>>> print(open('start-v5.txt').read())   # compact mmCIF, C-alpha atoms
# COMPACT_ATOMS: atom_id res chain seq x y z
CA MET A 19 88.64 -11.24 40.05
CA LEU A 20 90.79 -8.78 38.10
CA SER A 21 92.89 -8.11 41.19
CA ASN A 22 94.37 -11.60 40.81
CA VAL A 23 95.50 -10.97 37.22
CA ASN A 24 99.04 -9.86 36.57
CA ARG A 25 99.16 -6.10 35.83
CA SER A 26 101.55 -6.48 32.93
CA LEU A 27 99.11 -8.92 31.31
CA LEU A 28 96.33 -6.32 31.56
CA LEU A 29 98.64 -3.68 30.10
CA TYR A 30 99.55 -5.94 27.18
CA LEU A 31 95.88 -6.69 26.61
CA LEU A 32 95.03 -2.98 26.57
CA ILE A 33 97.87 -2.25 24.15
CA ALA A 34 96.76 -5.13 21.91
CA ILE A 35 93.18 -3.82 21.84
CA ILE A 36 94.38 -0.32 20.91
CA VAL A 37 96.68 -1.66 18.19
CA ILE A 38 93.91 -3.83 16.74
CA ALA A 39 91.48 -0.89 16.78
CA VAL A 40 93.98 1.36 15.00
CA LEU A 41 94.71 -1.34 12.41
CA VAL A 42 90.99 -1.87 11.75
CA ILE A 43 90.48 1.88 11.31
CA VAL A 44 93.49 2.27 9.00
CA ILE A 45 92.66 -0.80 6.90
CA GLY A 46 88.98 0.20 6.72
CA THR A 47 89.92 3.70 5.62
CA ILE A 48 92.26 2.40 2.93
CA ILE A 49 89.63 -0.03 1.63
CA THR A 50 87.04 2.77 1.60
CA ILE A 51 89.38 5.07 -0.34
CA ILE A 52 90.09 2.34 -2.91
CA LYS A 53 86.38 1.53 -3.32
CA SER A 54 85.40 5.18 -3.59
CA TYR A 55 88.15 5.84 -6.14
CA ARG A 56 86.84 3.00 -8.30
CA GLN A 57 83.28 4.33 -8.06
CA GLY A 58 84.27 7.95 -8.72
CA GLU A 59 83.41 9.17 -5.22
CA HIS A 60 86.97 9.77 -4.09
CA LYS A 61 86.66 13.56 -3.84
CA ALA A 62 84.06 13.34 -1.08
CA VAL A 63 86.13 10.79 0.80
CA LEU A 64 89.28 12.91 0.54
CA VAL A 65 87.40 16.03 1.69
CA THR A 66 86.04 14.05 4.63
CA LEU A 67 89.50 12.77 5.58
CA LEU A 68 90.93 16.28 5.24
CA CYS A 69 88.22 17.65 7.56
CA ILE A 70 88.97 14.95 10.12
CA ALA A 71 92.70 15.71 9.89
CA VAL A 72 92.14 19.46 10.38
CA ALA A 73 89.85 18.73 13.35
CA ALA A 74 92.48 16.41 14.86
CA VAL A 75 95.21 19.03 14.47
CA SER A 76 92.93 21.61 16.05
CA TRP A 77 92.18 19.20 18.86
CA ILE A 78 95.85 18.55 19.58
CA PHE A 79 97.08 22.15 19.37
CA ASN A 80 94.23 23.59 21.44
CA MET A 81 94.32 20.90 24.15
CA GLY A 82 93.07 21.96 27.54
CA TRP A 83 90.77 20.68 30.25
CA ILE A 84 87.60 20.74 28.17
CA ARG A 85 89.15 18.75 25.33
CA PHE A 86 90.91 16.44 27.76
CA ILE A 87 87.61 15.50 29.39
CA MET A 88 85.91 15.15 26.00
CA THR A 89 88.78 12.89 24.87
CA LEU A 90 88.32 10.66 27.91
CA LEU A 91 84.65 10.39 26.98
CA LEU A 92 85.71 9.46 23.40
CA ILE A 93 83.55 12.25 21.95
CA PRO A 94 85.96 13.33 19.17
CA PHE A 95 86.55 9.73 18.08
CA ILE A 96 82.89 8.78 17.98
CA HIS A 97 82.07 12.05 16.20
CA ALA A 98 84.79 11.44 13.59
CA VAL A 99 83.52 7.91 12.92
CA ILE A 100 79.92 9.11 12.52
CA PHE A 101 81.09 11.99 10.31
CA PHE A 102 83.15 9.63 8.15
CA LEU A 103 80.44 6.99 7.76
CA VAL A 104 77.65 9.42 6.97
CA ASN A 105 79.80 11.20 4.39
CA ILE A 106 80.79 7.90 2.77
CA PHE A 107 77.15 6.88 2.44
CA SER A 108 76.13 10.30 1.14
CA ALA A 109 78.98 10.33 -1.42
CA LYS A 110 77.12 7.68 -3.40
CA TYR A 111 74.10 9.95 -3.79
CA MET A 112 75.68 13.39 -4.23
CA GLN A 113 75.72 13.08 -8.00
CA LYS A 114 72.00 12.34 -8.01
CA SER A 115 70.93 15.27 -5.84
CA LYS A 116 72.15 18.85 -5.66
CA LYS A 117 70.50 19.17 -2.25
CA SER A 118 72.57 16.25 -0.97
CA ARG A 119 75.76 17.90 -2.27
CA ASN A 120 74.89 21.19 -0.52
CA ILE A 121 74.11 19.37 2.73
CA PHE A 122 77.48 17.58 2.45
CA ILE A 123 79.33 20.89 2.09
CA MET A 124 77.53 22.49 5.03
CA PHE A 125 78.04 19.31 7.06
CA CYS A 126 81.81 19.60 6.53
CA VAL A 127 81.84 23.35 7.25
CA THR A 128 79.96 22.98 10.54
CA TYR A 129 82.21 20.07 11.55
CA LEU A 130 85.29 22.24 11.04
CA LEU A 131 83.75 25.31 12.68
CA PHE A 132 82.99 23.34 15.81
CA TYR A 133 86.52 22.03 16.21
CA LEU A 134 88.37 25.17 15.14
CA LEU A 135 86.33 27.57 17.28
CA LEU A 136 85.79 25.48 20.41
CA PRO A 137 87.73 27.35 23.12
CA ASP A 138 89.60 25.66 25.91
CA ILE A 139 91.05 26.51 29.30
CA ALA A 140 94.23 25.76 31.19
CA ASP A 141 94.95 25.92 34.91
CA ILE A 142 96.00 29.57 34.66
CA GLY A 143 95.52 32.38 32.20
CA GLU A 144 92.79 33.28 29.78
CA MET A 145 90.77 30.97 27.59
CA TYR A 146 92.31 30.23 24.22
CA VAL A 147 90.95 29.39 20.80
CA PHE A 148 91.95 28.67 17.19
CA LEU A 149 94.82 26.22 17.60
CA GLY A 150 95.82 27.93 20.85
CA LEU A 151 96.92 31.07 19.02
CA ILE A 152 94.40 33.54 20.46
CA HIS A 153 94.31 34.03 24.25
CA ASN A 154 91.39 36.34 24.99
CA ASN A 155 88.32 35.61 27.11
CA THR A 156 85.98 37.91 25.18
CA PHE A 157 86.96 36.49 21.81
CA SER A 158 86.79 32.96 23.25
CA TYR A 159 83.21 33.51 24.43
CA ILE A 160 82.24 34.70 20.94
CA CYS A 161 83.94 31.66 19.42
CA TYR A 162 82.20 29.41 21.94
CA SER A 163 78.82 30.79 20.87
CA ILE A 164 79.65 30.22 17.20
CA SER A 165 80.96 26.73 18.01
CA LEU A 166 77.78 25.87 19.91
CA VAL A 167 75.59 27.05 17.02
CA ALA A 168 77.81 25.12 14.59
CA ILE A 169 77.43 21.83 16.46
CA LEU A 170 73.66 22.27 16.75
CA VAL A 171 73.41 23.00 13.01
CA HIS A 172 75.74 20.04 12.40
CA ILE A 173 73.38 17.71 14.28
CA GLY A 174 70.44 19.07 12.29
CA LEU A 175 72.36 18.55 9.05
CA LEU A 176 73.18 15.00 10.12
CA ILE A 177 69.48 14.25 10.44
CA LEU A 178 68.73 16.07 7.18
CA GLN A 179 71.52 14.22 5.35
CA ILE A 180 70.31 10.82 6.55
CA THR A 181 66.72 11.59 5.51
CA GLU A 182 67.95 12.80 2.12
CA ILE A 183 69.87 9.56 1.60
CA VAL A 184 66.78 7.55 2.50
CA LYS A 185 64.65 9.59 0.06
CA ILE A 186 67.13 9.11 -2.78
CA ARG A 187 67.42 5.38 -2.09
CA LYS A 188 63.63 5.01 -2.15
CA SER A 189 63.35 6.96 -5.41
CA ILE A 190 66.00 4.73 -7.02
CA LYS A 191 64.15 1.55 -6.06
>>> encode(input="start-v5.txt", output="structure tokens")
Amino acid sequence: MLSNVNRSLLLYLLIAIIVIAVLVIVIGTIITIIKSYRQGEHKAVLVTLLCIAVAAVSWIFNMGWIRFIMTLLLIPFIHAVIFFLVNIFSAKYMQKSKKSRNIFIMFCVTYLLFYLLLPDIADIGEMYVFLGLIHNNTFSYICYSISLVAILVHIGLLILQITEIVKIRKSIK
């Protein structure tokens, strides 16, 4: 069925979908920043956006086969959306719970550690890490181990943060 459709039409449709998705993300982010600023939660939102920006820069400057495959699978995009949404929801409750604030900080630290220390490989040469600045297999293996631990802790903190939000919401009601 799709073989009968003009290729340029499919290309335009793909471009339109990407443009609409980017617009929705940008407009949603701006609305979230405005709402959080009005409610006094803007610091958490700005920290979250800064973490996502640092992770994106790390992703771009350390691009290799591992990150290329993960990008095709949309892993960094889905992870950034989940990270953003969970932090936005937890920002409402950070003032009510010191534990929630500490989980938020560790959640951001583990997010950054994963992206900054995840090594990558090219077709030739040694593995590289930390924005592509360090080319050393031994150091890359150490960074990979730290990155793996960071993502596992990050997943645990995600679960802990969601349960903490639920507890605080129940105590408020």
>>> residues_around(input="start-v5.txt", residues="Ala62 of chain A", least_positions_apart="4", cutoff="12 Å", atoms="only C-alpha atoms", output="ChimeraX atom specification")
/A:50-51,54-55,57-58,66-69,101-113,118-119,122-123,125-126
>>> closest_residue(input="start-v5.txt", among="A:Val99, A:Leu32, A:Leu27, A:Pro137", to="Trp77 of chain A", atoms="all atoms listed in the file")
A:Pro137
>>> axis_aligned_box(input="start-v5.txt", around="segment 89-99 of chain A", padding_each_side="6 Å", output="AutoDock Vina command-line options")
--center_x 85.4 --center_y 10.6 --center_z 20.4 --size_x 18.7 --size_y 17.4 --size_z 27.0
>>> atom_distance(input="start-v5.txt", atom1="atom CA of Ile87 of chain A", atom2="atom CA of Leu170 of chain A")
20.0 Å
>>> closest_residue(input="start-v5.txt", among="A:Val44, A:Ile183, A:Leu130, A:Ile36", to="Lys114 of chain A", atoms="only C-alpha atoms")
A:Ile183
>>> closest_residue(input="start-v5.txt", among="A:Ser189, A:Thr47, A:Thr156, A:Asn80", to="Asp138 of chain A", atoms="all atoms listed in the file")
A:Asn80
>>> atom_distance(input="start-v5.txt", atom1="atom CA of Ala140 of chain A", atom2="atom CA of Trp83 of chain A")
6.2 Å
>>> atom_distance(input="start-v5.txt", atom1="atom CA of Phe132 of chain A", atom2="atom CA of Gly46 of chain A")
25.6 Å
